[in-house]
Amino acid sequence: SSTVTGPSLLVSVPPVPTSRRDALSAFAALPLAAALALAPASSSAFDNGMPEMAKFKDKPKQKGPKPSDIGLKNRVVNSDGDVLEGAVKTCGQAPNCFTTTGDRGGDVGGDTDHLLDAWQPPQGVDPMAQLKAAVEAYTPGHTGSDGRPVDGGGFKIVSSEPKYLYIQFESLRQGYIDDVEFALGGGAAGATGVQVRSSSRLGYLDFGVNASRLNEISAKLRAQGWKAPEITAKTHPDYFAQNTPRR
């Protein structure tokens, strides 16, 4: 188990649930003070969500705590202690995250389950302006790989800086929040590439949500000449094997 700390709070937290839907059961195992601290908020979705979100406006939202270590930092990426400077966060073990920061492993593999290549904009454009426009044109509620709507609760650009963009996306029914970051340069992106990270806060599986989200954004950029490869079962077979519904 892991430990959650806060003002006058130190409690043991059970292991991460094996699905996002099972995350609710974890609260039952917490002491009362911790349960209150982590209790779901009852609030509406973002204002650009699907019209159907009105059906769930009074349902408690399972947003999960915002990660304390997102943003651009120096990240240790392997057991040798190699560091990437000014990098987005790595992913954990769960198949619910993609990032350009991690152990690339050279000839011996590395974290192929989560790693992406940095997106490369064409020359002569404003990369962050095009990227922000692609995010703003994102369609909440588009159909995911399991046939259910992706990010039906909408999204919000939380931070927009000259070389950094941070967005929160919300699911329709339960209000799960996923964190997405883009950064121009630094980390594994070199001087002109764009770092990418998309990750779920709660649960173990994401049912294809993070891949679907990044694919919709990257498709808009590829149409403008970017090199931003689609995430597929060929590029990330383990992710899709675990997140594709069995029929």
# chains A, B, ... in the order shown; residues from 1 in each chain; ligands from 1
$ residues_around --residues "A:Val150" --least-positions-apart "2" --cutoff "10 Å" --atoms "only C-alpha atoms" --output "PyMOL selection string"
chain A and resi 139-148+152-154+169-172+207-210+212-213
$ write_last_selection --atoms "N, CA and C atoms" --output "compact mmCIF listing (two decimals), in the first residue's frame"
# COMPACT_ATOMS: atom_id res chain seq x y z
N THR A 139 -13.49 17.35 -29.74
CA THR A 139 -14.91 17.02 -29.65
C THR A 139 -15.20 16.18 -28.41
N PRO A 140 -15.72 16.76 -27.33
CA PRO A 140 -16.10 15.95 -26.17
C PRO A 140 -17.21 14.97 -26.54
N GLY A 141 -17.05 13.74 -26.13
CA GLY A 141 -18.08 12.74 -26.38
C GLY A 141 -17.91 11.97 -27.67
N HIS A 142 -16.78 12.12 -28.37
CA HIS A 142 -16.58 11.29 -29.55
C HIS A 142 -16.49 9.83 -29.13
N THR A 143 -16.79 8.93 -30.03
CA THR A 143 -16.90 7.51 -29.70
C THR A 143 -15.53 6.87 -29.54
N GLY A 144 -15.33 6.19 -28.41
CA GLY A 144 -14.08 5.52 -28.14
C GLY A 144 -14.05 4.11 -28.68
N SER A 145 -12.95 3.40 -28.41
CA SER A 145 -12.78 2.06 -28.95
C SER A 145 -13.78 1.06 -28.41
N ASP A 146 -14.37 1.35 -27.24
CA ASP A 146 -15.36 0.45 -26.66
C ASP A 146 -16.79 0.87 -26.98
N GLY A 147 -16.94 1.87 -27.86
CA GLY A 147 -18.27 2.32 -28.26
C GLY A 147 -18.89 3.35 -27.34
N ARG A 148 -18.21 3.67 -26.25
CA ARG A 148 -18.74 4.66 -25.31
C ARG A 148 -18.13 6.03 -25.57
N GLY A 152 -16.96 12.91 -22.30
CA GLY A 152 -18.28 13.51 -22.47
C GLY A 152 -18.56 14.64 -21.51
N GLY A 153 -17.80 14.72 -20.40
CA GLY A 153 -17.97 15.81 -19.44
C GLY A 153 -17.24 17.07 -19.84
N GLY A 154 -16.54 17.04 -20.98
CA GLY A 154 -15.87 18.24 -21.47
C GLY A 154 -14.43 18.35 -21.02
N PHE A 169 -9.49 16.80 -18.68
CA PHE A 169 -10.61 16.22 -19.41
C PHE A 169 -11.45 15.41 -18.43
N GLU A 170 -12.77 15.45 -18.63
CA GLU A 170 -13.67 14.80 -17.67
C GLU A 170 -14.58 13.79 -18.38
N SER A 171 -14.77 12.63 -17.75
CA SER A 171 -15.67 11.62 -18.29
C SER A 171 -17.12 12.03 -18.02
N LEU A 172 -18.04 11.43 -18.76
CA LEU A 172 -19.43 11.86 -18.72
C LEU A 172 -20.15 11.47 -17.43
N PHE A 207 -9.74 1.91 -20.64
CA PHE A 207 -10.66 1.52 -21.70
C PHE A 207 -10.42 2.28 -23.00
N GLY A 208 -9.15 2.62 -23.24
CA GLY A 208 -8.77 3.25 -24.50
C GLY A 208 -8.92 4.74 -24.56
N VAL A 209 -9.30 5.37 -23.45
CA VAL A 209 -9.60 6.79 -23.45
C VAL A 209 -8.38 7.65 -23.79
N ASN A 210 -7.26 7.40 -23.15
CA ASN A 210 -6.09 8.25 -23.38
C ASN A 210 -5.60 8.16 -24.82
N SER A 212 -7.47 7.37 -27.47
CA SER A 212 -8.48 8.00 -28.31
C SER A 212 -8.36 9.52 -28.28
N ARG A 213 -8.13 10.05 -27.09
CA ARG A 213 -8.01 11.50 -26.93
C ARG A 213 -6.81 12.04 -27.70
$ select_by_dssp --residues "stretch 37-195 of chain A" --states "strand (DSSP E or B)" --output "PyMOL selection string"
chain A and resi 41+61+73-76+83-87+97-99+115+119-120+142-143+149-150+154-161+164-170+177-184+194-195
$ write_last_selection --atoms "C-alpha atoms" --output "tab-separated table (two decimals), in the first residue's frame"
chain	number	residue	atom	x	y	z
A	41	ALA	CA	-17.03	16.30	-5.08
A	61	LYS	CA	-17.90	13.18	-9.29
A	73	LYS	CA	10.78	19.00	-13.87
A	74	ASN	CA	14.07	17.11	-14.01
A	75	ARG	CA	13.04	13.45	-14.25
A	76	VAL	CA	15.06	10.32	-13.53
A	83	VAL	CA	17.94	12.54	-16.04
A	84	LEU	CA	15.85	14.44	-18.57
A	85	GLU	CA	15.72	18.15	-17.80
A	86	GLY	CA	12.48	20.11	-18.02
A	87	ALA	CA	10.43	17.01	-18.77
A	97	CYS	CA	-1.03	6.68	-19.46
A	98	PHE	CA	1.16	7.83	-22.34
A	99	THR	CA	4.20	10.08	-22.12
A	115	LEU	CA	6.34	5.85	-24.35
A	119	TRP	CA	5.48	15.35	-31.79
A	120	GLN	CA	7.29	17.32	-34.47
A	142	HIS	CA	-16.58	11.29	-29.55
A	143	THR	CA	-16.90	7.51	-29.70
A	149	PRO	CA	-18.28	8.45	-25.39
A	150	VAL	CA	-14.83	9.78	-24.54
A	154	GLY	CA	-15.87	18.24	-21.47
A	155	PHE	CA	-12.47	19.76	-20.87
A	156	LYS	CA	-10.77	22.86	-19.55
A	157	ILE	CA	-7.46	24.47	-20.44
A	158	VAL	CA	-6.04	25.03	-16.97
A	159	SER	CA	-2.71	26.57	-17.93
A	160	SER	CA	-1.63	28.10	-21.23
A	161	GLU	CA	1.92	29.41	-21.33
A	164	TYR	CA	3.42	24.73	-21.96
A	165	LEU	CA	-0.22	23.67	-22.08
A	166	TYR	CA	-2.10	21.81	-19.34
A	167	ILE	CA	-5.65	20.55	-19.84
A	168	GLN	CA	-8.09	18.55	-17.73
A	169	PHE	CA	-10.61	16.22	-19.41
A	170	GLU	CA	-13.67	14.80	-17.67
A	177	ILE	CA	-10.49	13.65	-14.51
A	178	ASP	CA	-7.53	12.92	-16.77
A	179	ASP	CA	-4.52	15.25	-16.96
A	180	VAL	CA	-2.94	16.16	-20.31
A	181	GLU	CA	0.23	18.18	-20.87
A	182	PHE	CA	2.12	19.48	-23.88
A	183	ALA	CA	5.46	21.29	-23.78
A	184	LEU	CA	7.56	22.79	-26.54
A	194	VAL	CA	6.65	18.80	-28.40
A	195	GLN	CA	6.50	16.71	-25.25
$ closest_residue --among "A:Gly225, A:Gly187, A:Leu205, A:Arg173" --to "A:Thr244" --atoms "only C-alpha atoms"
A:Leu205
$ closest_residue --among "A:Leu131, A:Thr112, A:Asn215, A:Val125" --to "A:Thr100" --atoms "only C-alpha atoms"
A:Thr112
$ atom_distance --atom1 "atom CA of A:Leu214" --atom2 "atom CA of A:Ala118"
12.5 Å
$ residues_around --residues "A:Gln123" --least-positions-apart "4" --cutoff "10 Å" --atoms "only C-alpha atoms" --output "list of chain:residue names"
A:Pro127, A:Thr192, A:Gly225, A:Trp226
$ closest_residue --among "A:Ser218, A:Gln174, A:Asn96, A:Ser199" --to "A:Gln242" --atoms "only C-alpha atoms"
A:Asn96
$ decode --residues "stretch 228-241 of chain A" --atoms "N, CA, C and O atoms" --output "PDB file, in the first residue's frame"
ATOM      1  N   ALA A 228       3.070  13.398 -35.850  1.00  0.00           N
ATOM      2  CA  ALA A 228       2.474  13.058 -34.553  1.00  0.00           C
ATOM      3  C   ALA A 228       1.796  11.710 -34.718  1.00  0.00           C
ATOM      4  O   ALA A 228       0.596  11.639 -34.998  1.00  0.00           O
ATOM      5  N   PRO A 229       2.531  10.618 -34.600  1.00  0.00           N
ATOM      6  CA  PRO A 229       2.022   9.294 -34.951  1.00  0.00           C
ATOM      7  C   PRO A 229       0.777   8.896 -34.161  1.00  0.00           C
ATOM      8  O   PRO A 229       0.643   9.191 -32.967  1.00  0.00           O
ATOM      9  N   GLU A 230      -0.119   8.203 -34.838  1.00  0.00           N
ATOM     10  CA  GLU A 230      -1.308   7.657 -34.204  1.00  0.00           C
ATOM     11  C   GLU A 230      -0.914   6.525 -33.262  1.00  0.00           C
ATOM     12  O   GLU A 230       0.015   5.756 -33.536  1.00  0.00           O
ATOM     13  N   ILE A 231      -1.613   6.419 -32.143  1.00  0.00           N
ATOM     14  CA  ILE A 231      -1.411   5.326 -31.195  1.00  0.00           C
ATOM     15  C   ILE A 231      -2.315   4.175 -31.616  1.00  0.00           C
ATOM     16  O   ILE A 231      -3.543   4.332 -31.688  1.00  0.00           O
ATOM     17  N   THR A 232      -1.737   3.021 -31.912  1.00  0.00           N
ATOM     18  CA  THR A 232      -2.502   1.888 -32.422  1.00  0.00           C
ATOM     19  C   THR A 232      -2.121   0.606 -31.684  1.00  0.00           C
ATOM     20  O   THR A 232      -1.174   0.576 -30.890  1.00  0.00           O
ATOM     21  N   ALA A 233      -2.834  -0.469 -32.005  1.00  0.00           N
ATOM     22  CA  ALA A 233      -2.507  -1.763 -31.428  1.00  0.00           C
ATOM     23  C   ALA A 233      -1.151  -2.255 -31.904  1.00  0.00           C
ATOM     24  O   ALA A 233      -0.533  -3.109 -31.258  1.00  0.00           O
ATOM     25  N   LYS A 234      -0.673  -1.726 -33.015  1.00  0.00           N
ATOM     26  CA  LYS A 234       0.651  -2.102 -33.508  1.00  0.00           C
ATOM     27  C   LYS A 234       1.746  -1.364 -32.748  1.00  0.00           C
ATOM     28  O   LYS A 234       2.797  -1.939 -32.441  1.00  0.00           O
ATOM     29  N   THR A 235       1.509  -0.085 -32.419  1.00  0.00           N
ATOM     30  CA  THR A 235       2.536   0.683 -31.712  1.00  0.00           C
ATOM     31  C   THR A 235       2.563   0.365 -30.221  1.00  0.00           C
ATOM     32  O   THR A 235       3.620   0.426 -29.589  1.00  0.00           O
ATOM     33  N   HIS A 236       1.403   0.043 -29.633  1.00  0.00           N
ATOM     34  CA  HIS A 236       1.311  -0.229 -28.193  1.00  0.00           C
ATOM     35  C   HIS A 236       0.404  -1.441 -27.950  1.00  0.00           C
ATOM     36  O   HIS A 236      -0.710  -1.311 -27.433  1.00  0.00           O
ATOM     37  N   PRO A 237       0.867  -2.636 -28.324  1.00  0.00           N
ATOM     38  CA  PRO A 237       0.001  -3.824 -28.265  1.00  0.00           C
ATOM     39  C   PRO A 237      -0.489  -4.182 -26.869  1.00  0.00           C
ATOM     40  O   PRO A 237      -1.640  -4.594 -26.710  1.00  0.00           O
ATOM     41  N   ASP A 238       0.350  -4.051 -25.851  1.00  0.00           N
ATOM     42  CA  ASP A 238      -0.082  -4.432 -24.500  1.00  0.00           C
ATOM     43  C   ASP A 238      -1.194  -3.521 -24.002  1.00  0.00           C
ATOM     44  O   ASP A 238      -2.135  -3.976 -23.341  1.00  0.00           O
ATOM     45  N   TYR A 239      -1.081  -2.222 -24.282  1.00  0.00           N
ATOM     46  CA  TYR A 239      -2.122  -1.269 -23.876  1.00  0.00           C
ATOM     47  C   TYR A 239      -3.466  -1.669 -24.469  1.00  0.00           C
ATOM     48  O   TYR A 239      -4.484  -1.743 -23.762  1.00  0.00           O
ATOM     49  N   PHE A 240      -3.491  -1.952 -25.759  1.00  0.00           N
ATOM     50  CA  PHE A 240      -4.760  -2.286 -26.405  1.00  0.00           C
ATOM     51  C   PHE A 240      -5.248  -3.665 -26.006  1.00  0.00           C
ATOM     52  O   PHE A 240      -6.459  -3.885 -25.885  1.00  0.00           O
ATOM     53  N   ALA A 241      -4.345  -4.582 -25.760  1.00  0.00           N
ATOM     54  CA  ALA A 241      -4.761  -5.913 -25.334  1.00  0.00           C
ATOM     55  C   ALA A 241      -5.492  -5.856 -23.999  1.00  0.00           C
ATOM     56  O   ALA A 241      -6.469  -6.595 -23.776  1.00  0.00           O
TER      57      ALA A 241
END
